[in-house]
Each structure stands twice: as C-alpha cells, then as structure tokens.
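Student: Let me begin by handing over the structure; questions about it come next.
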Amino acid sequence: MINRQKGCHDIYGLEAKKWQYISNLIDSVCQKYHYEYIRTPIFEASELYHRGIGEQTDIVTKEMYDFKDKGDRNITLRPEGTAGVVRAYIENKMYGDSNQPIKLYYNGTMYRYERPQSGRDRELTQFGIEALGSEDPMLDAEVISLAVNIYRLVGLKGIKVNLNTLGDKESRDRYREALIEYIRPHIGEFCEDCQTRLEKNPLRILDCKIDHDNEIMKKAPKITDYLNEKSKKHFQEVKKYLDLLDIEYVENPSIVRGLDYYDHTVFEIEADIEGFGSQNVLGGGGRYNNLVKELGGMEVPAVGFAMGLGRLMLAIEKENIQLPIEEGIDAFVMYVSETEKDYATTLVQELRMSGFSVETDYLNRSLKAQFKQADRLHSKFFIILNDEDLKENRIQIKNNQTKKEEKVELDYILYYLDEEISILDGHSDECDCGDCGCDHCHTDHEEDDIDF
RNA sequence: GCGAAUAUGGUGAAGUGGUUAACACGCCAGAUUGUGGCUCUGGUAUGCGUGGGUUCGAUCCCCACUAUUCGCCCCA
C-alpha cells in the first residue's frame with residue numbers, strides 16, 4: 001500500500017466541510033474589507049525565498065522543500081505566502097494600478113520540511129493578506145482587525161494580540177547596537193543559541209525561551225526607547241486606530257518576528273487554549289517596508305498577516321466550537337423494484353437540474369435498505385416510486401420530519417418540493433424580501449449576519 | 001538533527017508463548033413495526049506494520065527497519 005507523505009493529510013467528510021466553511025468565511029470577510037483574492041504558484045525560484053528570508057537561518061538551510069527540476073533550475077515549494085505575492089506584485093506592475101493601495105489575500109498550501117507534530121505539518125494551509133502601497137498606520141490596524149475578526153467570527157474566545165514595533169531601519173540599527181553593547185559583557189550567562197544570535201540576529205535573543213527569565217534580559221534596553229520621532233508616531237497611531245476599532249492588544253517587547261524585512265509594527269495572535277502547548281501562535285504579521293525593494297521592486301511600504309488554518313482548526317476542536325455546517329439532502333429517490341429504476345434515473349436528473357440536492361440508490365438494494373440509506377443521509381423528503389402510482393402519473397412522497405406522506409401528481413412535483421422545503425426551513429410565503437430573518441434567508445444572506 | 005510512545009478486521013478496541021483471536025460499532029439478509037429510524041435473529045470480515053532472531057511452536061519475547069503520534073530544536 002502507498003501511504004500519504006509524512007506530515008500531509010487527507011481531508012474529507014465532516015473535516016472537509018469545516019475547511020470549506022472556514023474558507024467561505026474568509027472569502028466573505030475579505031470581500032467586506034475589500035481584499036482581493038490572488039493565487040500564485042505553489043513553487044517558485046528558490047532565490048525568491050532565500051532572499052526574502054535570509055540566507056543564514058535554519059529555515060533556509062534545512063526547512064525548505066528545495067529541489068532541482070529537469071531543466072536544472074533551483075525550485076522551492078513555497079514555505080509562506082508573502083514572498084510570492086510580492087513577486088507577483090512586482091512582476092505584474094501592480095504598483096502602477098490606479099487603485100492604491102493594493103490589497104490582496106491568499107489561501108493555499110505551503111510546504112515546510114520539518115518533523116511533524118501537533119499543529120505543525122509539512123503541507124499546511126495558510127490564509128494571509130498583504131496590503132501594498134501605503135504606510136498609513138490605519139492600514140496596520142486594519143490588517144490586525146481583519147485577523148482578529150476572523151477569529152471572533154469563528155467563535156474563538158481567549159484570543160490575545162501581542163503588539164510590538166521594531167521602528168524603522170534607523171531606530172532599529174541604533175537599538176541593535178545598544179542591545180549588543182548591553183548584552184555582550186554578560187553573554188556568557190546566556191544559552192548557546194543566544195551566543196550565536198548576538199552577532200547574527202541580536203533581537204532574536206529577546207524571544208529566547210531559555211533565557212526568558214534572566215534578570216539581565218529583563219533589564220535589557222527596550223526598542224521603544226530608541227525609536228526616532230517618525231517611528232514613535234507610527235506606533236502611537238497604530239495603537240490609536242486599534243483603540244478606535246475596539247481591538248484589544250498587549251504590548252509585548254519580545255515579539256520580534258525573526259526576519260530582517262520587518263519594520264515598525266509586528267504582532268502575533270495567540271490562543272489561550274488548554275493543551276495547545278508551544279504551538280499556541282495562531283498567526284502573525286507586521287509591516288515590511290523593505291521587502292518589495294529587497295525583491296527587486298521599488299520602495300513600496302506594505303503590511304500583512306498570515307494564519308495557519310490547520311492550527312485554527314485545532315483550536316476550534318479543542319474549544320469544542322460547533323461550526324454551523326449544513327448536513328443532509330433535499331430528497332432521496334427510491335424505487336420499489338427494477339421496473340421503476342429508469343424513471344428514477346430521469347426524475348433524479350430533473351430534480352437536480354431544478355436546484356434540489358438529490359440522491360438515489362446505486363446498489364440495487366432492497367426498499368428497506370433504501371429507507372435506511374435515505375435516513376442516514378438526513379434526507380428531508382423520501383420519494384418512493386412504485387409501478388402502480390407511476391401508471392396513474394403520480395408518485396409517493398414522504399416528509400421525513402413530519403412523517404406526512406402524500407401522493408403527488410408528476411407535473412406538480414417540482415412545485416410541491418419547493419413549497420414544502422420552504423415550509424420546513426421556516427420561510428413564509430409572504431416573505432419575498434430575502435432577508436426576513438427566517439432560516440431560508442439566512443442561508444442566502446449569511447454574510448449580512450456577520451456582526452463586527 | 002535529538003528524544004518518547006504506539007503499530008491487531010471497514011472503524012473503535014480487548015487479549016494470549018500453543019488447536020476455530022473477544023467484544024462493540026458498521027454493513028448485508030430476515031423477523032416485527034403499513035416501507036427506514038427501536039427491538040430480535042442470522043450473516044459478514046484476505047486481521048495481529050515489515051524483515052530477521054530465540055523457541056518444538058510467536059500476534060504475544062529480543063533486534064533492526066518502516067510508519068504514525070507526541071515532545072525538543074527551529075518557527076516563515
């Protein structure tokens with residue numbers, strides 16, 4: 001037997017319905033915020049990620065899916081979404097588009113060559129947004145609010161936004177120097193990793209779990225004291241807009257987001273969920289005013305966010321959140337014997353073309369077994385075809401909720417089903433507004449019910 | 001890269017160094033309900049991860065491998 005690859009999953013059944021629900025929710029929220037869907041390739045030139053992420057990191061050296069294709073090109077399966085989107089932005093000259101800023105979202109699979117564990121797979125699905133072409137702090141706040149609203153709408157409680165700023169390059173360089181100077185005399189007291197981080201990526205030391213409680217760390221200089229006026233103002237405004245948007249956050253100076261290209265605002269959203277362990281970060285992002293240039297474009301400010309949907313699903317499961325997944329079909333067509341099967345075939349087709357979801361039996365099962373099957377599928381109506389009825393141009397139809405059973409004229413069946421299903425859904429005849437609050441309207445206008 | 005646990009039929013899962021490996025669910029057929037959902041009867045399953053070893057004999061003991069899960073590292 002051939003098994004699926006390590007760290008990959010087959011998603012089907014109820015699980016697949018949940019994924020679809022989340023994807024639909026994402027589409028609907030992004031539409032409201034006016035972020036447009038973009039789909040970029042799953043593989044790109046390796047260089048894109050090497051440049052975007054930084055040559056020296058573990059990420060690049062051992063956690064990317066690199067390979068050579070038959071033309072001897074260096075290819076990488078995308079490990080994240082931002083680089084590809086930025087590449088597409090530059091390549092398609094979106095900076096010249098008349099609508100600015102460019103606001104995009106993606107939702108797709110990413111690949112990371114890692115040892116899988118809970119909340120971490122080799123093939124993962126990420127949703128993310130990128131807003132390019134504005135340095136307005138209002139946009140930073142919007143990005144965060146979109147992310148938070150997704151979590152809210154899913155129904156997650158204990159969501160915490162950790163917020164920090166890295167300032168602009170000038171502020172960050174000053175801070176980096178001060179930090180190195182401060183830590184260097186004490187470096188012997190830090191863990192091995194931190195000792196190498198000191199030169200390579202000193203900010204990362206702040207994020208170290210081992211040395212987190214070290215007194216020296218606690219008294220370390222803070223980035224906020226090294227911000228220049230411009231950076232300080234940006235951060236203050238981001239916070240102002242978050243307050244206006246009613247987004248709660250915690251300032252957390254240890255959020256540094258490893259990568260060089262981050263500027264100003266950085267944030268992580270974490271879930272306070274029992275049994276979530278070290279994989280409690282649901283998503284994160286920040287401003288990256290240097291990346292577009294780094295990847296060969298012009299100087300374009302940008303801000304973005306990404307979340308792992310696998311982890312979101314895990315959180316939903318742990319929190320025991322019931323997503324409103326619709327189950328069941330409208331009708332199951334059963335036939336008493338082989339004689340009626342031909343008619344069943346055409347009836348099923350007709351009903352489906354008229355917009356009903358309909359199933360029938362394909363295993364030539366006994367009528368009894370067909371009833372069982374119809375029941376298992378949560379069919380609203382059972383349509384039972386027998387010879388005698390068909391001769392008189394009518395069919396037997398049973399409402400599985402009320403148990404009411406009727407014989408209906410063949411010509412009348414579509415109208416009958418339509419009516420009856422409306423009644424089942426609580427949709428009244430008088431209502432044609434499409435938004436009266438009944439169940440039927442809800443399904444058609446789901447997005448209008450979203451309460452921000 | 002390091003560490004730990006697990007590996008039995010379609011599913012969940014018990015169990016033993018020795019003739020036919022429980023039980024439950026599922027599925028199928030039948031009985032009974034005016035044709036399903038409850039109940040009862042019967043049927044169903046190429047099942048002990050792979051390769052070695054110990055043994056008269058291994059699913060059960062030992063070793064290796066593989067896979068899965070979980071943790072560490074790292075985290076885009």
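Chain labels follow the order of the structure tokens: the first chain is A, the next B, and so on; residue numbering restarts at 1 in every chain, and ligands are counted from 1 in their shown order.
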Near chain A, meaning an atom within 10 Å, which residues of chain B appear when counting only C-alpha atoms (C1' of nucleotides)? Write them as a list in words.
Tutor: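 Result: G1, C28, A29, U35, G36, G37, A67, U68, U69, C70, G71, C74, C75 and A76 of chain B.
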Student: With DSSP run on the backbone, what are the alpha helix (DSSP H) residues within region 39-271 of chain A? I'd like them as an NGL selection string.
Tutor: :A and (46-53 or 58-62 or 82-91 or 137-154 or 169-183 or 192-200 or 215-218 or 229-244)
Student: Would you list the contacts of region 179-189 of chain A as number ranges by chain, taking every protein, DNA or RNA residue within 7 Å and counting only C-alpha atoms (C1' of nucleotides), but skipping same-chain residues closer than 3 positions in sequence?
Tutor: A: 175-176, 195, 198, 202, 221
Student: Using only C-alpha atoms, please write the residues we just selected to a file, as a short mmCIF file (atom, residue, chain, number, x, y, z; two decimals), in the first residue's frame.
Tutor:
```cif
data_model
loop_
_atom_site.label_atom_id
_atom_site.label_comp_id
_atom_site.auth_asym_id
_atom_site.auth_seq_id
_atom_site.Cartn_x
_atom_site.Cartn_y
_atom_site.Cartn_z
CA TYR A 175 18.72 49.79 19.13
CA ARG A 176 20.62 46.81 17.82
CA GLN A 195 25.56 33.45 21.98
CA LEU A 198 24.31 38.03 19.38
CA PRO A 202 20.53 40.01 18.37
CA PRO A 221 17.15 48.20 26.78
#
```
Student: Please provide the set of residues having any atom within 10 Å of Gly296 (chain A), restricted to only C-alpha atoms (C1' of nucleotides), with same-chain residues fewer than 6 positions apart removed, written as a list in words.
Tutor: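 That gives Val86, Arg87, Ile90 and Glu91 of chain A.
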Student: Could you pull out all residues of region 149-208 of chain A with a DSSP call of strand (DSSP E or B) and give them as a VMD selection string?
Tutor: chain A and resid 159 to 165
Student: Tell me, in Å to one decimal, how far CA of Glu248 (chain A) is from CA of His34 (chain A).
Tutor: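 Distance between the two atoms: 22.8 Å.
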